[in-house]
>>> print(open('protein_38.cif').read())   # mmCIF, C-alpha atoms
data_run
loop_
_atom_site.label_atom_id
_atom_site.label_comp_id
_atom_site.auth_asym_id
_atom_site.auth_seq_id
_atom_site.Cartn_x
_atom_site.Cartn_y
_atom_site.Cartn_z
CA MET A 73 103.82 -48.05 48.55
CA LYS A 74 103.02 -50.51 45.79
CA ALA A 75 99.62 -50.36 44.10
CA ILE A 76 97.89 -52.63 41.60
CA LEU A 77 95.40 -51.92 38.82
CA ALA A 78 93.58 -55.12 37.89
CA LEU A 79 91.10 -55.53 35.02
CA GLU A 80 88.36 -58.12 34.99
CA ASP A 81 90.00 -59.96 32.08
CA GLY A 82 93.02 -60.69 34.28
CA THR A 83 95.30 -57.92 32.98
CA ILE A 84 97.52 -56.44 35.71
CA PHE A 85 99.35 -53.11 35.92
CA GLU A 86 101.68 -52.40 38.84
CA GLY A 87 102.79 -49.00 40.06
CA ALA A 88 103.14 -46.70 43.06
CA SER A 89 100.27 -45.64 45.30
CA ILE A 90 99.33 -41.96 45.24
CA GLY A 91 96.61 -40.30 47.26
CA ALA A 92 94.62 -42.54 49.59
CA THR A 93 95.34 -46.20 50.23
CA GLY A 94 92.91 -49.11 50.26
CA THR A 95 90.79 -50.80 47.59
CA VAL A 96 88.24 -49.35 45.17
CA THR A 97 86.43 -50.69 42.14
CA GLY A 98 84.82 -49.12 39.09
CA GLU A 99 84.73 -49.26 35.34
CA ALA A 100 88.06 -48.43 33.72
CA CYS A 101 88.04 -45.61 31.18
CA PHE A 102 90.60 -43.28 29.66
CA ASN A 103 90.80 -39.61 28.75
CA THR A 104 93.22 -38.35 26.09
CA ALA A 105 93.35 -34.68 27.16
CA VAL A 106 96.79 -33.16 27.68
CA MET A 107 95.61 -30.77 30.39
CA GLY A 108 92.55 -30.22 32.55
CA TYR A 109 93.14 -33.19 34.85
CA GLN A 110 91.51 -31.36 37.76
CA GLU A 111 88.35 -30.39 35.88
CA ILE A 112 88.14 -33.92 34.47
CA LEU A 113 88.59 -35.64 37.82
CA THR A 114 85.95 -33.44 39.52
CA ASP A 115 83.40 -33.91 36.72
CA PRO A 116 80.46 -35.87 38.25
CA THR A 117 80.16 -37.79 34.97
CA TYR A 118 83.12 -39.90 36.17
CA CYS A 119 81.21 -41.25 39.17
CA GLY A 120 81.66 -45.02 39.32
CA GLN A 121 84.71 -45.06 37.05
CA ILE A 122 88.45 -45.52 37.40
CA LEU A 123 89.98 -42.80 35.26
CA ALA A 124 93.24 -43.19 33.33
CA MET A 125 94.90 -40.10 31.87
CA THR A 126 96.87 -41.01 28.74
CA TYR A 127 99.09 -37.92 28.90
CA SER A 128 102.34 -38.93 30.58
CA LEU A 129 102.75 -36.21 33.28
CA ILE A 130 99.89 -35.24 35.58
CA GLY A 131 99.84 -32.65 38.36
CA ASN A 132 102.48 -30.35 36.88
CA TYR A 133 100.47 -27.16 37.47
CA GLY A 134 98.96 -28.26 40.78
CA ILE A 135 95.39 -27.88 42.02
CA VAL A 136 93.44 -24.62 41.86
CA ASN A 137 90.35 -24.91 44.05
CA GLU A 138 88.25 -22.47 42.01
CA ASP A 139 88.72 -24.64 38.91
CA ASN A 140 86.85 -27.61 40.38
CA GLU A 141 83.77 -28.78 38.49
CA SER A 142 82.33 -30.07 41.78
CA ALA A 143 83.32 -30.03 45.42
CA ALA A 144 85.58 -33.11 45.28
CA PRO A 145 87.04 -35.75 42.95
CA GLN A 146 84.23 -37.87 41.49
CA ALA A 147 86.13 -40.76 39.91
CA ALA A 148 86.69 -43.82 42.11
CA ALA A 149 90.44 -43.60 41.42
CA ILE A 150 92.93 -42.05 39.02
CA VAL A 151 95.59 -43.85 36.98
CA MET A 152 98.57 -42.01 35.50
CA GLY A 153 102.03 -42.39 34.05
CA GLU A 154 103.79 -39.99 36.39
CA LEU A 155 102.70 -37.67 39.19
CA SER A 156 104.67 -34.43 39.17
CA ASN A 157 106.39 -33.70 42.49
CA LEU A 158 106.48 -29.98 41.65
CA HIS A 159 103.74 -27.68 40.42
CA SER A 160 104.36 -24.46 38.56
CA SER A 161 101.12 -22.46 38.36
CA TRP A 162 100.97 -19.24 40.35
CA ARG A 163 97.27 -19.94 40.85
CA ALA A 164 97.83 -23.33 42.53
CA ASP A 165 96.54 -23.91 46.07
CA MET A 166 98.20 -27.28 46.68
CA PRO A 167 100.00 -30.18 44.96
CA MET A 168 97.86 -32.88 43.40
CA GLY A 169 99.04 -35.73 45.66
CA GLU A 170 98.10 -33.78 48.78
CA TRP A 171 94.71 -32.91 47.26
CA LEU A 172 93.94 -36.56 46.47
CA LYS A 173 94.76 -37.57 50.05
CA SER A 174 92.61 -34.75 51.47
CA HIS A 175 89.63 -36.15 49.58
CA ASN A 176 90.43 -39.82 50.31
CA THR A 177 90.81 -40.51 46.59
CA PRO A 178 93.24 -43.32 45.66
CA GLY A 179 95.41 -43.50 42.59
CA ILE A 180 98.28 -45.29 40.97
CA SER A 181 101.25 -43.85 39.08
CA GLY A 182 103.95 -45.52 37.03
CA VAL A 183 101.40 -47.15 34.71
CA ASP A 184 101.78 -47.21 30.93
CA THR A 185 98.41 -45.54 30.45
CA ARG A 186 98.70 -45.51 26.65
CA LYS A 187 99.09 -49.29 26.73
CA LEU A 188 96.06 -49.42 29.03
CA ALA A 189 94.07 -47.17 26.67
CA ARG A 190 94.97 -49.35 23.71
CA HIS A 191 93.89 -52.45 25.65
CA ILE A 192 90.49 -50.88 26.39
CA ARG A 193 90.10 -49.67 22.80
CA ILE A 194 90.70 -53.18 21.48
CA ASN A 195 88.76 -55.14 24.10
CA GLY A 196 86.16 -52.60 25.21
CA SER A 197 85.35 -51.06 28.57
CA MET A 198 85.74 -53.37 31.53
CA ARG A 199 85.48 -53.35 35.28
CA ALA A 200 88.62 -52.75 37.32
CA CYS A 201 90.11 -52.59 40.80
CA VAL A 202 92.81 -50.32 42.26
CA THR A 203 94.32 -51.61 45.49
CA THR A 204 97.23 -51.26 47.88
CA GLU A 205 96.22 -54.23 50.04
CA LEU A 206 95.11 -57.12 47.80
CA THR A 207 97.18 -59.56 45.79
CA ALA A 208 96.96 -59.42 42.01
CA GLU A 209 94.73 -62.49 41.96
CA GLU A 210 92.43 -61.06 44.62
CA ALA A 211 92.26 -57.74 42.78
CA VAL A 212 91.16 -59.47 39.56
CA GLU A 213 88.40 -61.28 41.44
CA ARG A 214 87.31 -58.00 43.03
CA ALA A 215 87.20 -56.38 39.58
CA LYS A 216 84.96 -59.17 38.30
CA THR A 217 82.38 -58.37 40.98
CA ALA A 218 82.47 -54.59 40.51
CA ALA A 219 79.36 -52.73 39.39
CA SER A 220 78.94 -52.01 35.68
CA LEU A 221 77.66 -48.79 34.14
CA ASP A 222 75.01 -50.83 32.33
CA GLY A 223 71.70 -50.32 34.11
CA ALA A 224 73.23 -47.91 36.63
CA ALA A 225 71.22 -44.78 37.50
CA LEU A 226 74.27 -42.99 38.87
CA ALA A 227 72.80 -39.50 38.59
CA ASP A 228 70.97 -40.31 41.82
CA LYS A 229 74.36 -40.40 43.58
CA VAL A 230 75.62 -37.01 42.36
CA THR A 231 72.49 -34.88 42.13
CA THR A 232 71.65 -32.12 44.59
CA SER A 233 69.51 -33.15 47.56
CA LYS A 234 67.29 -30.06 47.32
CA SER A 235 66.45 -27.25 44.92
CA TYR A 236 68.41 -24.01 45.03
CA ALA A 237 68.86 -20.80 43.10
CA TRP A 238 72.40 -20.66 41.72
CA GLN A 239 73.92 -17.36 42.77
CA GLY A 240 77.32 -17.66 41.10
CA GLU A 241 78.60 -15.05 38.72
CA SER A 242 81.10 -14.97 35.89
CA ARG A 243 84.32 -16.71 36.79
CA PRO A 244 86.68 -14.81 39.11
CA TRP A 245 90.39 -15.01 38.33
CA LYS A 246 93.04 -14.00 40.83
CA LEU A 247 95.54 -11.74 39.10
CA PRO A 248 99.19 -11.88 40.21
CA ASN A 249 99.62 -8.09 40.36
CA LYS A 250 96.62 -7.62 42.63
CA THR A 251 96.61 -7.51 46.42
CA ALA A 252 95.58 -10.61 48.34
CA GLY A 253 91.85 -11.25 48.20
CA ASP A 254 91.26 -8.84 45.32
CA MET A 255 89.28 -10.42 42.47
CA SER A 256 88.79 -9.37 38.88
CA ASN A 257 86.37 -10.70 36.25
CA TYR A 258 87.14 -11.27 32.61
CA GLY A 259 84.16 -10.39 30.43
CA THR A 260 80.84 -8.83 31.25
CA LEU A 261 78.07 -10.72 33.02
CA ALA A 262 74.88 -10.51 30.98
CA PRO A 263 71.71 -9.43 32.83
CA ALA A 264 69.25 -12.26 33.41
CA SER A 265 66.75 -12.34 30.56
CA CYS A 266 65.11 -15.71 31.23
CA LYS A 267 64.61 -18.24 34.00
CA ILE A 268 65.51 -21.88 33.52
CA ALA A 269 65.02 -25.00 35.59
CA ALA A 270 68.23 -27.05 35.48
CA ILE A 271 67.70 -30.71 36.39
CA ASP A 272 70.92 -31.77 38.09
CA LEU A 273 72.09 -35.13 36.79
CA GLY A 274 75.69 -34.26 37.67
CA ILE A 275 75.89 -30.64 36.55
CA LYS A 276 79.33 -29.03 36.30
CA ASN A 277 80.25 -25.64 37.73
CA SER A 278 81.42 -24.51 34.29
CA THR A 279 77.99 -25.35 32.85
CA LEU A 280 76.29 -23.21 35.48
CA ARG A 281 78.69 -20.35 34.77
CA ALA A 282 78.08 -20.62 31.02
CA LEU A 283 74.30 -20.56 31.48
CA ARG A 284 74.56 -17.52 33.76
CA GLN A 285 76.88 -15.77 31.33
CA ASP A 286 74.29 -16.45 28.63
CA GLY A 287 71.81 -14.44 30.68
CA CYS A 288 69.90 -17.21 32.45
CA GLU A 289 68.55 -17.10 35.97
CA ILE A 290 69.09 -20.68 37.18
CA ILE A 291 67.05 -22.81 39.57
CA VAL A 292 68.79 -26.17 40.10
CA LEU A 293 66.53 -29.15 40.80
CA PRO A 294 67.23 -32.71 42.01
CA ALA A 295 67.12 -35.54 39.47
CA SER A 296 64.00 -36.86 41.23
CA SER A 297 61.97 -33.74 40.40
CA SER A 298 58.61 -34.28 38.72
CA ALA A 299 57.15 -32.34 35.82
CA ALA A 300 54.81 -30.66 38.33
CA ASP A 301 57.84 -29.53 40.38
CA VAL A 302 59.35 -27.97 37.27
CA LEU A 303 56.15 -26.30 36.05
CA ALA A 304 55.51 -24.83 39.51
CA LEU A 305 58.61 -22.66 39.03
CA GLN A 306 57.17 -21.19 35.82
CA PRO A 307 60.52 -21.34 34.03
CA ASP A 308 61.12 -20.27 30.44
CA GLY A 309 62.97 -23.49 29.67
CA VAL A 310 64.34 -26.73 31.12
CA PHE A 311 67.99 -27.80 31.03
CA LEU A 312 68.93 -31.48 31.50
CA SER A 313 72.56 -31.62 32.60
CA SER A 314 75.36 -34.03 31.85
CA GLY A 315 76.03 -36.82 34.34
CA PRO A 316 77.06 -40.45 34.90
CA GLY A 317 75.46 -43.81 34.26
CA ASP A 318 73.13 -45.52 31.82
CA PRO A 319 70.55 -43.09 30.39
CA ALA A 320 67.90 -45.81 30.02
CA ALA A 321 68.14 -46.56 33.75
CA HIS A 322 67.00 -43.03 34.68
CA THR A 323 63.33 -43.84 34.16
CA GLY A 324 62.02 -41.08 36.42
CA VAL A 325 63.93 -38.36 34.57
CA ILE A 326 62.80 -39.78 31.23
CA ALA A 327 59.18 -39.62 32.40
CA THR A 328 59.62 -36.03 33.61
CA ALA A 329 61.17 -34.97 30.31
CA GLY A 330 58.39 -36.72 28.40
CA GLU A 331 55.69 -34.86 30.33
CA LEU A 332 57.41 -31.52 29.72
CA LEU A 333 57.83 -31.98 25.96
CA GLY A 334 55.72 -29.47 24.09
CA LYS A 335 55.08 -27.40 27.23
CA LEU A 336 58.51 -25.78 27.58
CA PRO A 337 61.72 -25.66 25.52
CA LEU A 338 64.04 -28.47 26.63
CA TYR A 339 67.81 -28.78 26.16
CA GLY A 340 69.97 -31.77 27.08
CA LEU A 341 73.73 -32.03 27.51
CA GLY A 342 75.56 -35.38 27.57
CA LEU A 343 73.47 -37.74 29.71
CA GLY A 344 70.70 -35.14 29.57
CA ALA A 345 70.71 -35.26 25.77
CA GLU A 346 70.49 -39.05 25.79
CA ILE A 347 67.59 -38.98 28.27
CA LEU A 348 65.81 -36.33 26.20
CA GLY A 349 66.33 -38.44 23.09
CA ILE A 350 64.73 -41.43 24.82
CA ALA A 351 61.80 -39.25 25.93
CA LEU A 352 61.34 -38.27 22.27
CA GLY A 353 61.05 -41.93 21.29
CA GLY A 354 64.66 -42.94 20.63
CA SER A 355 66.90 -45.53 22.25
CA THR A 356 70.54 -45.69 23.29
CA ILE A 357 73.40 -48.13 22.83
CA ARG A 358 76.66 -48.64 24.70
CA LEU A 359 79.83 -47.41 23.02
CA LYS A 360 82.74 -49.86 22.99
CA PHE A 361 85.00 -47.62 25.06
CA GLY A 362 83.24 -44.25 25.21
CA HIS A 363 84.10 -40.78 23.96
CA ARG A 364 86.39 -38.88 26.35
CA GLY A 365 89.04 -36.32 25.58
CA ALA A 366 89.59 -32.84 24.22
CA ASN A 367 89.97 -33.55 20.52
CA GLN A 368 86.88 -35.37 19.24
CA PRO A 369 85.88 -34.16 15.73
CA VAL A 370 82.15 -33.43 15.40
CA LYS A 371 80.53 -32.29 12.17
CA ASP A 372 77.70 -29.77 12.16
CA LEU A 373 75.49 -31.16 9.39
CA ALA A 374 73.81 -27.80 8.77
CA THR A 375 77.01 -25.87 8.09
CA GLY A 376 79.42 -28.67 7.16
CA LYS A 377 81.91 -27.30 9.66
CA VAL A 378 83.89 -29.57 11.98
CA GLU A 379 84.24 -28.68 15.66
CA ILE A 380 86.92 -30.06 17.97
CA THR A 381 84.99 -31.07 21.06
CA SER A 382 85.44 -32.40 24.61
CA PRO A 383 82.78 -35.08 25.18
CA ASN A 384 82.44 -37.47 28.11
CA HIS A 385 79.94 -40.28 27.62
CA SER A 386 79.67 -44.07 27.41
CA PHE A 387 76.26 -44.26 25.73
CA VAL A 388 74.86 -42.69 22.58
CA LEU A 389 71.52 -42.35 20.81
CA GLN A 390 70.85 -44.70 17.90
CA ALA A 391 70.19 -42.59 14.81
CA ASP A 392 67.77 -45.10 13.27
CA SER A 393 65.72 -45.23 16.49
CA LEU A 394 64.82 -41.54 16.43
CA PRO A 395 61.32 -40.59 15.18
CA ALA A 396 60.90 -38.73 11.90
CA ASP A 397 60.41 -35.38 13.62
CA VAL A 398 63.82 -35.62 15.35
CA GLU A 399 66.66 -34.37 13.15
CA VAL A 400 70.28 -35.41 13.73
CA THR A 401 72.26 -32.16 13.64
CA HIS A 402 75.77 -33.30 14.61
CA ILE A 403 77.78 -36.50 14.17
CA ASN A 404 81.03 -37.68 15.71
CA LEU A 405 83.38 -38.23 12.78
CA ASN A 406 85.35 -40.97 14.56
CA ASP A 407 82.41 -43.38 14.39
CA ASP A 408 79.49 -41.44 12.80
CA SER A 409 77.53 -41.65 16.07
CA VAL A 410 74.89 -39.07 17.01
CA ALA A 411 76.45 -36.04 18.70
CA GLY A 412 73.48 -33.66 18.47
CA PHE A 413 69.79 -33.50 17.52
CA ILE A 414 66.79 -31.20 17.43
CA CYS A 415 63.02 -31.68 17.46
CA ARG A 416 61.65 -28.38 16.23
CA ASP A 417 57.98 -29.33 16.72
CA LYS A 418 58.53 -29.87 20.46
CA ALA A 419 61.32 -27.28 20.96
CA ALA A 420 63.78 -29.91 22.18
CA SER A 421 67.49 -30.14 21.40
CA GLY A 422 70.61 -31.80 22.75
CA LEU A 423 74.37 -32.15 22.34
CA GLU A 424 76.85 -34.74 23.64
CA TYR A 425 79.40 -32.01 24.44
CA THR A 426 79.50 -28.44 25.68
CA PRO A 427 79.58 -26.19 22.61
CA GLU A 428 82.08 -23.39 22.18
CA PRO A 429 80.56 -19.89 22.53
CA ARG A 430 79.19 -18.32 19.33
CA ASP A 431 78.21 -14.67 19.19
CA GLY A 432 78.88 -14.50 22.90
CA LYS A 433 76.50 -17.37 23.77
CA THR A 434 77.40 -20.94 24.73
CA PHE A 435 73.87 -22.36 24.59
CA GLY A 436 72.56 -20.22 21.75
CA THR A 437 70.24 -22.92 20.40
CA PHE A 438 68.55 -23.23 23.80
CA LEU A 439 68.15 -19.46 24.10
CA SER A 440 66.72 -19.25 20.59
CA MET A 441 64.09 -21.84 21.46
CA ILE A 442 63.22 -19.93 24.64
CA ASN A 443 62.91 -16.62 22.79
CA ALA A 444 60.75 -18.23 20.10
CA ALA A 445 58.41 -19.62 22.76
CA LYS A 446 57.90 -16.29 24.53
#
>>> encode(input="protein_38.cif", output="structure tokens")
Amino acid sequence: MKAILALEDGTIFEGASIGATGTVTGEACFNTAVMGYQEILTDPTYCGQILAMTYSLIGNYGIVNEDNESAAPQAAAIVMGELSNLHSSWRADMPMGEWLKSHNTPGISGVDTRKLARHIRINGSMRACVTTELTAEEAVERAKTAASLDGAALADKVTTSKSYAWQGESRPWKLPNKTAGDMSNYGTLAPASCKIAAIDLGIKNSTLRALRQDGCEIIVLPASSSAADVLALQPDGVFLSSGPGDPAAHTGVIATAGELLGKLPLYGLGLGAEILGIALGGSTIRLKFGHRGANQPVKDLATGKVEITSPNHSFVLQADSLPADVEVTHINLNDDSVAGFICRDKAASGLEYTPEPRDGKTFGTFLSMINAAK
């Protein structure tokens, strides 16, 4: 079946329908990663967006249910060059096309996604429509009326509805030489040494696993939680997760973070970092086309070392808006934008990307602040 991707500026891409049929809208964005399509597509940060993968072949190792970052695809639709008809991973549970249909997620293949990415890079992010039922002209008009990320508090759509204690453990991997149902763990799960309140703005499963592997007991809270809700748990620290939407639109979370500053160590990731930065007195701006991929160079200003990171955000803190007591610790070398900060006086820190583990800890800075506060 034929499908159309229409951008609000009138640009049209035609291809074949994959997954569900129908019409969806969202803001078009692209990700340059070569692999990880499943983790990317199930990342709640993509809520409200139409995701284009620039790598030419998608679905070649299938879908592994335990690799999902959330229960289902979060992007409104996926755009790709080619959907693989075969998958090769021994861990796969199903082919990607079948998985998309099972979750009623539409997509379009046969698109020159590198041309699309270049168009967005030159002209900036724009609203889009993917359809199997509208004409090209109708699809463009539908794209023009789609919701923008500007002013959108999308964390409200992906957050948990109620608090819960996360009981997951270190990641189980099925080994091919084991009997069916037998599980084995790589690495040792650290005993819980602190309790954190994680405010769910679109938290990923891999983030929860990393926090638990760092030795944190985790209580996950809805985005609507107040400072009183957090303090009632008597946590050792507060974690603001990554998520979708405009950070400035999440006024309730900003207020909660502001009330908690100076009372508990706070750490923000992605959207959570931007919200924490606003609570500290900073402001955010919209990036032209966002930072998404697996190869973004970020410089640690303290060590001078460059990390290759996997960010996913459309907004960023303005360096010159941050108060004097907030130190920029990391910058994205592609555009010198803020990628990390710390406020030592208030024990608050944030990064735009999930750091690689150092000395066995993923969130070592957060743990250091917690230990210093005890």
>>> resolve_selection(input="protein_38.cif", expression="the PyMOL selection byres ((chain A and resi 222-234) around 9)", output="VMD selection string")
chain A and resid 116 to 117 119 to 120 146 219 to 221 235 to 236 271 to 275 292 to 296 315 to 323 358
>>> residues_around(input="protein_38.cif", residues="Asn367 of chain A", least_positions_apart="6", cutoff="7 Å", atoms="all atoms listed in the file", output="list in words")
Ile380, Thr381 and Ser382 of chain A
>>> atom_distance(input="protein_38.cif", atom1="atom CA of Leu338 of chain A", atom2="atom CA of Ala445 of chain A")
11.2 Å
>>> resolve_selection(input="protein_38.cif", expression="the PyMOL selection byres ((chain A and resi 200) around 6)", output="list of chain:residue names")
A:Ala78, A:Leu79, A:Glu80, A:Thr97, A:Gly98, A:Glu99, A:Ala100, A:Arg199, A:Cys201, A:Ala215
>>> residues_around(input="protein_38.cif", residues="Gly330 of chain A", least_positions_apart="6", cutoff="8 Å", atoms="all atoms listed in the file", output="PyMOL selection string")
chain A and resi 348+351-352
>>> write_last_selection(input="protein_38.cif", atoms="C-alpha atoms", output="PDB file, in the frame of the given file")
ATOM      1  CA  LEU A 348      65.810 -36.330  26.200  1.00  0.00           C
ATOM      2  CA  ALA A 351      61.800 -39.250  25.930  1.00  0.00           C
ATOM      3  CA  LEU A 352      61.340 -38.270  22.270  1.00  0.00           C
TER       4      LEU A 352
END
>>> resolve_selection(input="protein_38.cif", expression="the PyMOL selection byres ((chain A and resi 410) around 12)", output="ChimeraX atom specification")
/A:342,345-346,349,354-357,359,363,370-373,385,387-394,398-409,411-414,422-425
>>> residues_near_point(input="protein_38.cif", point="(77.1, -24.8, 30.4)", cutoff="10 Å", atoms="all atoms listed in the file", output="ChimeraX atom specification")
/A:275-286,311,313-314,341,425-429,433-435
>>> closest_residue(input="protein_38.cif", among="A:Glu209, A:Asp165, A:Asp417, A:Glu154", to="Asp139 of chain A", atoms="all atoms listed in the file")
A:Asp165
>>> build_atoms(input="protein_38.cif", residues="segment 395-404 of chain A", atoms="all heavy atoms", output="tab-separated table (two decimals), in the frame of the given file")
chain	number	residue	atom	x	y	z
A	395	PRO	N	62.51	-40.82	16.01
A	395	PRO	CA	61.32	-40.59	15.18
A	395	PRO	C	61.61	-39.61	14.05
A	395	PRO	O	62.62	-38.89	14.06
A	395	PRO	CB	60.30	-40.01	16.16
A	395	PRO	CG	60.86	-40.17	17.50
A	395	PRO	CD	62.32	-40.40	17.40
A	396	ALA	N	60.70	-39.56	13.10
A	396	ALA	CA	60.90	-38.73	11.90
A	396	ALA	C	61.00	-37.25	12.22
A	396	ALA	O	61.65	-36.49	11.47
A	396	ALA	CB	59.75	-38.97	10.92
A	397	ASP	N	60.37	-36.81	13.32
A	397	ASP	CA	60.41	-35.38	13.62
A	397	ASP	C	61.66	-34.97	14.40
A	397	ASP	O	61.82	-33.80	14.77
A	397	ASP	CB	59.16	-34.95	14.40
A	397	ASP	CG	59.01	-35.66	15.73
A	397	ASP	OD1	59.71	-36.66	15.96
A	397	ASP	OD2	58.18	-35.21	16.55
A	398	VAL	N	62.56	-35.92	14.67
A	398	VAL	CA	63.82	-35.62	15.35
A	398	VAL	C	64.94	-35.65	14.32
A	398	VAL	O	65.19	-36.67	13.68
A	398	VAL	CB	64.11	-36.62	16.48
A	398	VAL	CG1	65.46	-36.31	17.14
A	398	VAL	CG2	63.00	-36.59	17.52
A	399	GLU	N	65.61	-34.52	14.16
A	399	GLU	CA	66.66	-34.37	13.15
A	399	GLU	C	68.04	-34.48	13.81
A	399	GLU	O	68.32	-33.78	14.80
A	399	GLU	CB	66.52	-33.01	12.47
A	399	GLU	CG	67.64	-32.66	11.51
A	399	GLU	CD	67.57	-31.21	11.06
A	399	GLU	OE1	66.57	-30.52	11.37
A	399	GLU	OE2	68.53	-30.76	10.40
A	400	VAL	N	68.89	-35.34	13.27
A	400	VAL	CA	70.28	-35.41	13.73
A	400	VAL	C	71.01	-34.20	13.17
A	400	VAL	O	71.04	-33.98	11.97
A	400	VAL	CB	70.96	-36.72	13.28
A	400	VAL	CG1	72.45	-36.70	13.66
A	400	VAL	CG2	70.27	-37.92	13.90
A	401	THR	N	71.60	-33.40	14.06
A	401	THR	CA	72.26	-32.16	13.64
A	401	THR	C	73.78	-32.25	13.66
A	401	THR	O	74.46	-31.50	12.96
A	401	THR	CB	71.84	-30.99	14.55
A	401	THR	OG1	72.16	-31.33	15.93
A	401	THR	CG2	70.35	-30.72	14.42
A	402	HIS	N	74.33	-33.17	14.47
A	402	HIS	CA	75.77	-33.30	14.61
A	402	HIS	C	76.14	-34.79	14.68
A	402	HIS	O	75.41	-35.58	15.29
A	402	HIS	CB	76.27	-32.62	15.88
A	402	HIS	CG	76.04	-31.14	15.93
A	402	HIS	ND1	74.79	-30.59	16.15
A	402	HIS	CD2	76.90	-30.10	15.78
A	402	HIS	CE1	74.89	-29.28	16.14
A	402	HIS	NE2	76.16	-28.95	15.92
A	403	ILE	N	77.28	-35.13	14.08
A	403	ILE	CA	77.78	-36.50	14.17
A	403	ILE	C	79.25	-36.49	14.56
A	403	ILE	O	80.00	-35.60	14.19
A	403	ILE	CB	77.60	-37.30	12.85
A	403	ILE	CG1	78.34	-36.61	11.70
A	403	ILE	CG2	76.13	-37.50	12.53
A	403	ILE	CD1	78.41	-37.47	10.44
A	404	ASN	N	79.63	-37.49	15.35
A	404	ASN	CA	81.03	-37.68	15.71
A	404	ASN	C	81.73	-38.36	14.54
A	404	ASN	O	81.34	-39.46	14.13
A	404	ASN	CB	81.14	-38.53	16.98
A	404	ASN	CG	82.55	-38.64	17.50
A	404	ASN	OD1	83.46	-39.07	16.80
A	404	ASN	ND2	82.75	-38.24	18.75
